[in-house]
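Shown next: data-v1.cif, containing mmCIF, C-alpha atoms.
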data_entry
loop_
_atom_site.group_PDB
_atom_site.id
_atom_site.type_symbol
_atom_site.label_atom_id
_atom_site.label_comp_id
_atom_site.auth_asym_id
_atom_site.auth_seq_id
_atom_site.Cartn_x
_atom_site.Cartn_y
_atom_site.Cartn_z
ATOM 1 C CA MET A 1304 0.000 0.000 0.000
ATOM 2 C CA GLU A 1305 1.221 3.446 -0.797
ATOM 3 C CA GLY A 1306 2.593 5.416 2.113
ATOM 4 C CA ILE A 1307 2.654 2.502 4.562
ATOM 5 C CA ARG A 1308 5.856 0.687 5.407
ATOM 6 C CA SER A 1309 5.848 -3.022 6.077
ATOM 7 C CA SER A 1310 6.920 -2.417 9.679
ATOM 8 C CA SER A 1311 3.659 -0.766 10.673
ATOM 9 C CA VAL A 1312 -0.063 -0.925 10.210
ATOM 10 C CA LEU A 1313 -2.881 1.522 10.698
ATOM 11 C CA SER A 1314 -5.266 0.817 13.531
ATOM 12 C CA CYS A 1315 -8.104 2.653 15.206
ATOM 13 C CA TYR A 1316 -8.276 4.242 18.591
ATOM 14 C CA TYR A 1317 -10.733 6.596 20.196
ATOM 15 C CA SER A 1318 -10.135 10.257 20.822
ATOM 16 C CA SER A 1319 -12.050 11.881 23.659
ATOM 17 C CA LYS A 1320 -12.368 15.097 21.670
ATOM 18 C CA THR A 1321 -13.451 13.896 18.274
ATOM 19 C CA HIS A 1322 -13.895 10.335 17.068
ATOM 20 C CA PHE A 1323 -11.932 7.279 16.116
ATOM 21 C CA LYS A 1324 -8.677 7.898 14.282
ATOM 22 C CA LEU A 1325 -6.046 5.773 12.607
ATOM 23 C CA ARG A 1326 -2.582 5.372 14.050
ATOM 24 C CA ARG A 1327 0.515 3.355 13.227
ATOM 25 C CA GLN A 1328 1.415 0.334 15.314
ATOM 26 C CA PRO A 1329 4.190 -2.282 15.164
ATOM 27 C CA LEU A 1330 3.209 -5.347 13.197
ATOM 28 C CA GLU A 1331 3.173 -7.544 16.291
ATOM 29 C CA HIS A 1332 0.161 -5.598 17.555
ATOM 30 C CA CYS A 1333 -2.032 -6.045 14.487
ATOM 31 C CA PHE A 1334 -4.930 -8.489 14.535
ATOM 32 C CA LEU A 1335 -4.803 -9.937 11.051
ATOM 33 C CA SER A 1336 -5.359 -13.471 12.344
ATOM 34 C CA LEU A 1337 -8.974 -12.673 13.141
ATOM 35 C CA PRO A 1338 -11.772 -14.289 11.088
ATOM 36 C CA PRO A 1339 -13.375 -12.492 8.120
ATOM 37 C CA PRO A 1340 -14.989 -9.207 9.202
ATOM 38 C CA PRO A 1341 -18.636 -9.244 10.182
ATOM 39 C CA PRO A 1342 -21.142 -7.292 8.113
ATOM 40 C CA PRO A 1343 -22.135 -3.900 9.522
ATOM 41 C CA PRO A 1344 -25.009 -4.214 11.974
ATOM 42 C CA ARG A 1345 -28.516 -3.608 10.760
ATOM 43 C CA HIS A 1346 -30.461 -1.147 12.861
ATOM 44 C CA PRO A 1347 -33.100 -2.857 15.012
ATOM 45 C CA ALA A 1348 -35.809 -0.864 13.258
ATOM 46 C CA SER A 1349 -35.010 -2.714 10.056
ATOM 47 C CA ARG A 1350 -35.880 -6.018 11.679
ATOM 48 C CA PRO A 1351 -39.523 -7.141 11.675
ATOM 49 C CA LYS A 1352 -41.374 -6.348 14.860
ATOM 50 C CA VAL A 1353 -44.877 -7.641 15.483
ATOM 51 C CA ARG A 1354 -47.421 -5.893 17.666
ATOM 52 C CA ILE A 1355 -51.208 -6.032 18.010
ATOM 53 C CA SER A 1356 -53.281 -3.030 16.965
ATOM 54 C CA LEU A 1357 -56.043 -2.761 19.586
ATOM 55 C CA PRO A 1358 -58.793 -1.206 17.419
ATOM 56 C CA SER A 1359 -58.490 -3.687 14.569
ATOM 57 C CA MET A 1360 -56.441 -6.481 16.204
ATOM 58 C CA ALA A 1361 -54.263 -6.224 13.065
ATOM 59 C CA LEU A 1362 -50.608 -7.123 13.272
ATOM 60 C CA GLN A 1363 -48.067 -4.376 12.650
ATOM 61 C CA VAL A 1364 -44.917 -5.700 11.010
ATOM 62 C CA GLN A 1365 -41.828 -3.617 10.371
ATOM 63 C CA ASP A 1366 -40.702 -5.143 7.092
ATOM 64 C CA HIS A 1367 -37.383 -3.799 5.809
ATOM 65 C CA GLN A 1368 -38.130 -5.196 2.357
ATOM 66 C CA SER A 1369 -41.604 -3.603 2.319
ATOM 67 C CA PHE A 1370 -42.582 -7.017 0.948
ATOM 68 C CA HIS A 1371 -42.133 -5.760 -2.604
ATOM 69 C CA LYS A 1372 -39.072 -6.149 -4.828
ATOM 70 C CA SER A 1373 -38.863 -4.679 -8.271
ATOM 71 C CA LYS A 1374 -36.460 -5.594 -11.044
ATOM 72 C CA GLU A 1375 -34.867 -2.177 -10.710
ATOM 73 C CA MET A 1376 -33.783 -3.084 -7.170
ATOM 74 C CA LEU A 1377 -31.942 -6.236 -8.158
ATOM 75 C CA PRO A 1378 -28.132 -6.050 -8.167
ATOM 76 C CA LYS A 1379 -26.244 -5.733 -11.424
ATOM 77 C CA ILE A 1380 -24.503 -8.994 -12.350
ATOM 78 C CA ASP A 1381 -21.849 -9.284 -15.050
ATOM 79 C CA LYS A 1382 -21.392 -12.147 -17.513
ATOM 80 C CA SER A 1383 -19.296 -14.081 -15.013
ATOM 81 C CA GLY A 1384 -22.129 -14.000 -12.490
ATOM 82 C CA ARG A 1385 -20.501 -11.473 -10.139
ATOM 83 C CA PHE A 1386 -21.573 -8.097 -8.815
ATOM 84 C CA CYS A 1387 -20.527 -5.247 -11.097
ATOM 85 C CA SER A 1388 -22.440 -2.337 -9.524
ATOM 86 C CA PRO A 1389 -20.446 0.430 -7.782
ATOM 87 C CA ARG A 1390 -22.960 0.179 -4.942
ATOM 88 C CA ALA A 1391 -21.598 -3.278 -4.157
ATOM 89 C CA ALA A 1392 -18.019 -1.938 -4.059
ATOM 90 C CA ARG A 1393 -18.950 0.866 -1.673
ATOM 91 C CA GLU A 1394 -20.765 -1.587 0.563
ATOM 92 C CA LEU A 1395 -17.706 -3.849 0.610
ATOM 93 C CA ALA A 1396 -15.430 -0.900 1.426
ATOM 94 C CA LEU A 1397 -17.714 0.076 4.301
ATOM 95 C CA LEU A 1398 -17.639 -3.489 5.624
ATOM 96 C CA ILE A 1399 -13.826 -3.491 5.540
ATOM 97 C CA VAL A 1400 -13.391 -0.082 7.221
ATOM 98 C CA TYR A 1401 -15.947 -0.934 9.895
ATOM 99 C CA ALA A 1402 -14.305 -4.291 10.628
ATOM 100 C CA SER A 1403 -10.793 -2.818 10.662
ATOM 101 C CA CYS A 1404 -11.855 -0.313 13.312
ATOM 102 C CA LEU A 1405 -13.346 -3.054 15.467
ATOM 103 C CA GLN A 1406 -10.302 -5.295 15.048
ATOM 104 C CA GLY A 1407 -7.615 -2.617 15.235
ATOM 105 C CA SER A 1408 -6.151 -3.624 11.878
ATOM 106 C CA ASP A 1409 -5.158 -1.843 8.690
ATOM 107 C CA PRO A 1410 -8.063 -1.658 6.177
ATOM 108 C CA ILE A 1411 -5.839 -2.426 3.187
ATOM 109 C CA ARG A 1412 -4.233 -5.425 4.848
ATOM 110 C CA LEU A 1413 -7.608 -6.705 5.969
ATOM 111 C CA PHE A 1414 -8.950 -6.308 2.432
ATOM 112 C CA GLU A 1415 -5.970 -8.132 0.930
ATOM 113 C CA LYS A 1416 -6.296 -10.880 3.499
ATOM 114 C CA ARG A 1417 -9.930 -11.446 2.573
ATOM 115 C CA ILE A 1418 -9.082 -11.417 -1.126
ATOM 116 C CA ASN A 1419 -6.316 -13.981 -0.761
ATOM 117 C CA ALA A 1420 -7.858 -16.155 1.959
ATOM 118 C CA ALA A 1421 -7.863 -19.866 1.160
ATOM 119 C CA ARG A 1422 -11.270 -21.449 0.834
ATOM 120 C CA GLU A 1423 -12.278 -24.062 3.356
ATOM 121 C CA PRO A 1424 -12.288 -27.643 2.061
ATOM 122 C CA GLY A 1425 -15.639 -28.481 0.539
ATOM 123 C CA TYR A 1426 -16.839 -24.860 0.509
ATOM 124 C CA GLU A 1427 -19.284 -24.061 -2.292
ATOM 125 C CA PHE A 1428 -20.847 -20.703 -2.959
ATOM 126 C CA ASP A 1429 -24.310 -20.592 -4.476
ATOM 127 C CA LYS A 1430 -24.166 -17.801 -7.071
ATOM 128 C CA ALA A 1431 -27.956 -17.841 -7.252
ATOM 129 C CA SER A 1432 -27.911 -15.945 -3.940
ATOM 130 C CA LEU A 1433 -26.406 -12.936 -5.751
ATOM 131 C CA LEU A 1434 -29.589 -12.606 -7.790
ATOM 132 C CA GLN A 1435 -31.637 -12.584 -4.606
ATOM 133 C CA TYR A 1436 -29.383 -10.148 -2.735
ATOM 134 C CA ASN A 1437 -30.828 -6.639 -2.581
ATOM 135 C CA HIS A 1438 -28.532 -3.643 -2.058
ATOM 136 C CA MET A 1439 -31.596 -1.437 -1.728
ATOM 137 C CA SER A 1440 -33.337 -3.096 1.219
ATOM 138 C CA PHE A 1441 -34.108 -0.283 3.636
ATOM 139 C CA GLY A 1442 -36.254 -0.051 6.724
ATOM 140 C CA GLY A 1443 -39.751 0.885 5.660
ATOM 141 C CA PRO A 1444 -42.961 2.062 7.329
ATOM 142 C CA PRO A 1445 -45.053 -0.388 9.376
ATOM 143 C CA VAL A 1446 -46.981 -2.909 7.313
ATOM 144 C CA THR A 1447 -50.429 -3.925 8.566
ATOM 145 C CA THR A 1448 -51.414 -7.567 8.276
ATOM 146 C CA HIS A 1449 -54.772 -9.102 9.118
ATOM 147 C CA SER A 1450 -53.709 -12.582 10.165
ATOM 148 C CA VAL A 1451 -51.007 -14.343 12.092
ATOM 149 C CA GLU A 1452 -50.230 -16.408 9.001
ATOM 150 C CA GLU A 1453 -49.502 -13.298 6.941
ATOM 151 C CA ALA A 1454 -47.267 -11.908 9.689
ATOM 152 C CA ASP A 1455 -45.436 -15.226 9.952
ATOM 153 C CA GLU A 1456 -44.876 -15.199 6.195
ATOM 154 C CA LEU A 1457 -43.309 -11.733 6.397
ATOM 155 C CA LEU A 1458 -41.078 -12.897 9.242
ATOM 156 C CA ARG A 1459 -39.998 -15.968 7.280
ATOM 157 C CA SER A 1460 -39.258 -13.765 4.274
ATOM 158 C CA ASP A 1461 -37.084 -11.495 6.400
ATOM 159 C CA GLU A 1462 -35.203 -14.441 7.887
ATOM 160 C CA GLN A 1463 -34.554 -15.780 4.396
ATOM 161 C CA ASP A 1464 -33.282 -12.394 3.214
ATOM 162 C CA SER A 1465 -31.019 -12.141 6.284
ATOM 163 C CA ALA A 1466 -29.564 -15.575 5.532
ATOM 164 C CA ILE A 1467 -28.855 -14.502 1.930
ATOM 165 C CA GLU A 1468 -27.128 -11.333 3.142
ATOM 166 C CA ALA A 1469 -24.973 -13.304 5.583
ATOM 167 C CA GLU A 1470 -23.959 -15.784 2.862
ATOM 168 C CA VAL A 1471 -23.072 -13.084 0.324
ATOM 169 C CA LEU A 1472 -21.205 -10.748 2.691
ATOM 170 C CA SER A 1473 -19.151 -13.551 4.257
ATOM 171 C CA ALA A 1474 -18.266 -15.289 0.965
ATOM 172 C CA PRO A 1475 -14.773 -14.951 -0.608
ATOM 173 C CA PRO A 1476 -14.830 -11.587 -2.433
ATOM 174 C CA LYS A 1477 -13.428 -13.038 -5.654
ATOM 175 C CA LEU A 1478 -16.575 -15.163 -5.966
ATOM 176 C CA VAL A 1479 -18.911 -12.232 -5.349
ATOM 177 C CA TYR A 1480 -17.363 -9.126 -6.943
ATOM 178 C CA SER A 1481 -15.957 -8.521 -10.415
ATOM 179 C CA LYS A 1482 -12.266 -7.666 -10.829
ATOM 180 C CA LEU A 1483 -13.207 -4.099 -11.711
ATOM 181 C CA LEU A 1484 -15.185 -3.711 -8.487
ATOM 182 C CA LEU A 1485 -12.399 -5.168 -6.367
ATOM 183 C CA SER A 1486 -9.972 -2.711 -7.960
ATOM 184 C CA PHE A 1487 -12.364 0.183 -7.262
ATOM 185 C CA THR A 1488 -12.817 -0.983 -3.663
ATOM 186 C CA ARG A 1489 -9.070 -1.033 -3.101
ATOM 187 C CA LYS A 1490 -8.638 2.458 -4.589
ATOM 188 C CA LEU A 1491 -11.387 3.739 -2.314
ATOM 189 C CA LEU A 1492 -9.782 2.157 0.749
ATOM 190 C CA VAL A 1493 -6.342 3.550 -0.137
ATOM 191 C CA ALA A 1494 -7.852 7.020 -0.591
ATOM 192 C CA THR A 1495 -9.687 6.738 2.721
ATOM 193 C CA VAL A 1496 -6.562 5.734 4.653
ATOM 194 C CA ASP A 1497 -4.399 8.399 2.990
ATOM 195 C CA LYS A 1498 -6.911 11.169 3.773
ATOM 196 C CA TRP A 1499 -8.018 9.876 7.167
ATOM 197 C CA ASP A 1500 -6.300 12.449 9.388
ATOM 198 C CA ASN A 1501 -7.334 15.358 7.154
ATOM 199 C CA HIS A 1502 -10.935 14.219 7.120
ATOM 200 C CA VAL A 1503 -10.974 13.709 10.882
ATOM 201 C CA LEU A 1504 -10.691 17.496 11.146
ATOM 202 C CA ALA A 1505 -13.280 18.068 8.424
ATOM 203 C CA ILE A 1506 -15.748 15.664 10.025
ATOM 204 C CA ASP A 1507 -15.218 17.250 13.422
ATOM 205 C CA LYS A 1508 -16.485 20.528 11.965
ATOM 206 C CA VAL A 1509 -19.715 19.164 10.495
ATOM 207 C CA VAL A 1510 -20.994 16.340 12.729
ATOM 208 C CA PRO A 1511 -23.367 17.015 15.642
ATOM 209 C CA SER A 1512 -21.915 17.210 19.131
ATOM 210 C CA ASN A 1513 -23.559 13.989 20.322
ATOM 211 C CA TRP A 1514 -21.645 12.056 17.636
ATOM 212 C CA LYS A 1515 -18.389 13.528 18.938
ATOM 213 C CA ASN A 1516 -19.276 12.640 22.517
ATOM 214 C CA GLU A 1517 -20.005 8.983 21.725
ATOM 215 C CA PRO A 1518 -17.584 8.001 18.942
ATOM 216 C CA ALA A 1519 -17.608 4.303 19.846
ATOM 217 C CA GLY A 1520 -21.307 4.177 19.050
ATOM 218 C CA ARG A 1521 -20.919 5.956 15.689
ATOM 219 C CA ILE A 1522 -18.158 3.975 14.000
ATOM 220 C CA LEU A 1523 -20.431 2.985 11.143
ATOM 221 C CA GLU A 1524 -21.722 6.504 10.460
ATOM 222 C CA LEU A 1525 -18.238 8.034 10.652
ATOM 223 C CA SER A 1526 -16.883 5.332 8.342
ATOM 224 C CA ILE A 1527 -19.506 6.283 5.749
ATOM 225 C CA LEU A 1528 -18.418 9.926 6.007
ATOM 226 C CA HIS A 1529 -14.735 9.045 5.603
ATOM 227 C CA LEU A 1530 -15.418 6.900 2.535
ATOM 228 C CA ALA A 1531 -17.638 9.531 0.920
ATOM 229 C CA MET A 1532 -15.244 12.440 1.534
ATOM 230 C CA SER A 1533 -12.323 10.432 0.165
ATOM 231 C CA GLU A 1534 -14.227 9.422 -2.954
ATOM 232 C CA ILE A 1535 -15.105 13.060 -3.629
ATOM 233 C CA THR A 1536 -11.666 14.550 -2.985
ATOM 234 C CA VAL A 1537 -9.364 11.778 -4.238
ATOM 235 C CA LEU A 1538 -11.252 9.691 -6.768
ATOM 236 C CA GLY A 1539 -13.115 12.692 -8.172
ATOM 237 C CA THR A 1540 -16.585 11.115 -8.293
ATOM 238 C CA ARG A 1541 -19.290 13.757 -8.705
ATOM 239 C CA HIS A 1542 -20.542 14.742 -5.270
ATOM 240 C CA PRO A 1543 -24.292 14.265 -5.959
ATOM 241 C CA ILE A 1544 -23.602 10.598 -6.752
ATOM 242 C CA VAL A 1545 -21.421 10.102 -3.671
ATOM 243 C CA ILE A 1546 -23.872 11.816 -1.334
ATOM 244 C CA ASN A 1547 -26.764 9.753 -2.675
ATOM 245 C CA GLU A 1548 -24.768 6.534 -2.222
ATOM 246 C CA ALA A 1549 -23.709 7.510 1.321
ATOM 247 C CA VAL A 1550 -27.304 8.272 2.296
ATOM 248 C CA ASP A 1551 -28.429 4.916 0.885
ATOM 249 C CA LEU A 1552 -25.748 3.104 2.904
ATOM 250 C CA ALA A 1553 -26.910 4.961 6.010
ATOM 251 C CA ASN A 1554 -30.528 4.045 5.254
ATOM 252 C CA ARG A 1555 -29.466 0.445 4.938
ATOM 253 C CA PHE A 1556 -27.213 0.023 7.959
ATOM 254 C CA CYS A 1557 -27.743 2.938 10.387
ATOM 255 C CA ASP A 1558 -30.498 4.310 12.574
ATOM 256 C CA GLY A 1559 -33.300 6.611 11.506
ATOM 257 C CA ALA A 1560 -31.541 9.948 12.034
ATOM 258 C CA ALA A 1561 -28.206 9.008 10.462
ATOM 259 C CA PRO A 1562 -29.177 9.352 6.754
ATOM 260 C CA ARG A 1563 -30.400 12.918 7.243
ATOM 261 C CA ILE A 1564 -27.353 13.885 9.311
ATOM 262 C CA ILE A 1565 -24.906 12.311 6.856
ATOM 263 C CA ASN A 1566 -26.630 14.097 3.979
ATOM 264 C CA GLY A 1567 -26.260 17.448 5.755
ATOM 265 C CA CYS A 1568 -22.648 16.798 6.771
ATOM 266 C CA LEU A 1569 -21.568 15.922 3.233
ATOM 267 C CA ARG A 1570 -23.381 18.882 1.688
ATOM 268 C CA THR A 1571 -21.655 21.202 4.152
ATOM 269 C CA PHE A 1572 -18.319 19.524 3.369
ATOM 270 C CA VAL A 1573 -18.815 20.011 -0.388
ATOM 271 C CA LYS A 1574 -19.844 23.643 0.143
ATOM 272 C CA ASP A 1575 -16.708 24.276 2.192
ATOM 273 C CA LEU A 1576 -14.595 22.621 -0.519
ATOM 274 C CA ALA A 1577 -16.117 24.893 -3.158
ATOM 275 C CA GLY A 1578 -15.504 27.947 -0.975
ATOM 276 C CA THR A 1579 -11.870 26.991 -0.419
ATOM 277 C CA SER A 1580 -11.350 26.412 -4.140
ATOM 278 C CA THR A 1581 -12.906 29.796 -4.989
ATOM 279 C CA ALA A 1582 -10.721 31.570 -2.436
ATOM 280 C CA GLN A 1583 -7.570 29.927 -3.799
ATOM 281 C CA THR A 1584 -8.525 30.932 -7.347
ATOM 282 C CA SER A 1585 -9.118 34.539 -6.261
ATOM 283 C CA ASN A 1586 -5.789 34.702 -4.463
ATOM 284 C CA SER A 1587 -3.927 33.371 -7.493
ATOM 285 C CA LYS A 1588 -5.482 36.060 -9.705
ATOM 286 C CA LEU A 1589 -4.414 38.740 -7.251
ATOM 287 C CA GLU A 1590 -0.793 37.709 -7.510
ATOM 288 C CA VAL A 1591 1.070 40.152 -9.757
ATOM 289 C CA PRO A 1592 4.117 38.792 -11.620
ATOM 290 C CA LEU A 1593 7.393 40.557 -10.930
ATOM 291 C CA GLN A 1594 8.714 42.876 -13.619
ATOM 292 C CA VAL A 1595 12.281 42.050 -14.593
#

Translate this file's structure into structure tokens.
Amino acid sequence: MEGIRSSSVLSCYYSSKTHFKLRRQPLEHCFLSLPPPPPPPRHPASRPKVRISLPSMALQVQDHQSFHKSKEMLPKIDKSGRFCSPRAARELALLIVYASCLQGSDPIRLFEKRINAAREPGYEFDKASLLQYNHMSFGGPPVTTHSVEEADELLRSDEQDSAIEAEVLSAPPKLVYSKLLLSFTRKLLVATVDKWDNHVLAIDKVVPSNWKNEPAGRILELSILHLAMSEITVLGTRHPIVINEAVDLANRFCDGAAPRIINGCLRTFVKDLAGTSTAQTSNSKLEVPLQV
């Protein structure tokens, strides 16, 4: 990885003033022997909850799939049967950054370890699960059902979807993602690590105070901000696309307030970037060349 010597890795620690940061540690302190990283947690609101409505005795079910899937929501699969949508790459990058912060390991090393991990004897991955995996499954409004059977069916559907997610996100990346997506994921992770310290300061200016006061509980949200800011400033992706993708990731994996807050933070960040660029342009025009 660029800018990182083999004698050190980047790991996370918590700052009482801001949020988690990355620091260098000797190799003997890294935790690269840990199992593959877990998927980011789903917010409890995205799990089905059943309650009885007293007036109608109807069952209220919180169904994160809204019990409807359209063809437009299905992931994009290439000819080799692997994900080829940038959404999948951003989701993978988020999984890696989140796991590296929990494990205290370098995101790039963790990514490379997952890429090169040997498959267990007898392991087989069902590629049909990729067609059933939905990157756009968000928590939706309560769904009213009129029978226990209908509620049970929604619960079974959610359990099946959760099993598909677990299988896809824990599978060897080379079986799930195209080479192009894996390359994009690595570039995004490298950009995120390289810009981490700079974006710690930028994030500290835009996030609400309660996020700063409880950084350990906001690792996922702050990881989304780091990835988005790095994609905008380093990879040069148009900011409306990045902001939309970041909000979707927050809708998918974070609590109810996070998508709105992340949207506001990134818009403020982009506005500040534009202001800084304008000021630098104005200053350069004011510079008068010396007469010789």

Margin query: Residues within 12 Å of A:Asn1419, please, as a list in words. Count all atoms listed in the file; anything in the same chain fewer than 5 positions from it doesn't count.
Written below: Pro1339, Arg1412, Leu1413, Phe1414, Pro1475, Pro1476, Lys1477 and Leu1478 of chain A

Next item on the list: Would you translate the PyMOL selection byres ((chain A and resi 1552) around 12) into the concrete set of residues it matches in this file, as a PyMOL selection string?
Entry: chain A and resi 1343-1346+1390-1398+1438-1442+1523-1528+1530-1531+1545-1551+1553-1559+1561-1563+1565-1566

Item checked: Picked residues, the PyMOL selection byres ((chain A and resi 1482) around 12), as a list in words -> Asp1381, Ser1383, Gly1384, Arg1385, Phe1386, Cys1387, Ser1388, Pro1389, Ala1392, Ile1418, Pro1476, Lys1477, Leu1478, Val1479, Tyr1480, Ser1481, Leu1483, Leu1484, Leu1485, Ser1486, Phe1487, Thr1488 and Arg1489 of chain A

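You will find atom CA of A:Glu1470 at 15.4 Å from atom CA of A:Gly1425.
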
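Residue nearest A:Ala1402 within the list A:Arg1417, A:His1542, A:Arg1422, A:Arg1459: A:Arg1417 [criterion: smallest interatomic distance, only C-alpha atoms].
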
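Shortest separation to A:Val1496 among A:Ser1533, A:Gln1406, A:Thr1448, A:Ser1432 occurs at residue A:Ser1533, atoms counted being all atoms listed in the file.
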
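Note that the spacing between atom CA of A:Met1532 and atom CA of A:Leu1472 amounts to 24.0 Å.
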
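Straight-line separation from atom CA of A:Thr1579 to atom CA of A:His1529: 19.1 Å.
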
Determine the residue set returned by the PyMOL selection byres ((chain A and resi 1572) around 10) for the present structure, and present it as an mmCIF file with C-alpha atoms, keeping the file's coordinate frame.
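Saved the output as part-v4.cif:
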data_model
loop_
_atom_site.group_PDB
_atom_site.id
_atom_site.type_symbol
_atom_site.label_atom_id
_atom_site.label_comp_id
_atom_site.auth_asym_id
_atom_site.auth_seq_id
_atom_site.Cartn_x
_atom_site.Cartn_y
_atom_site.Cartn_z
ATOM 1 C CA HIS A 1502 -10.935 14.219 7.120
ATOM 2 C CA ALA A 1505 -13.280 18.068 8.424
ATOM 3 C CA ILE A 1506 -15.748 15.664 10.025
ATOM 4 C CA LYS A 1508 -16.485 20.528 11.965
ATOM 5 C CA VAL A 1509 -19.715 19.164 10.495
ATOM 6 C CA LEU A 1528 -18.418 9.926 6.007
ATOM 7 C CA MET A 1532 -15.244 12.440 1.534
ATOM 8 C CA ASN A 1566 -26.630 14.097 3.979
ATOM 9 C CA GLY A 1567 -26.260 17.448 5.755
ATOM 10 C CA CYS A 1568 -22.648 16.798 6.771
ATOM 11 C CA LEU A 1569 -21.568 15.922 3.233
ATOM 12 C CA ARG A 1570 -23.381 18.882 1.688
ATOM 13 C CA THR A 1571 -21.655 21.202 4.152
ATOM 14 C CA VAL A 1573 -18.815 20.011 -0.388
ATOM 15 C CA LYS A 1574 -19.844 23.643 0.143
ATOM 16 C CA ASP A 1575 -16.708 24.276 2.192
ATOM 17 C CA LEU A 1576 -14.595 22.621 -0.519
ATOM 18 C CA ALA A 1577 -16.117 24.893 -3.158
ATOM 19 C CA GLY A 1578 -15.504 27.947 -0.975
#
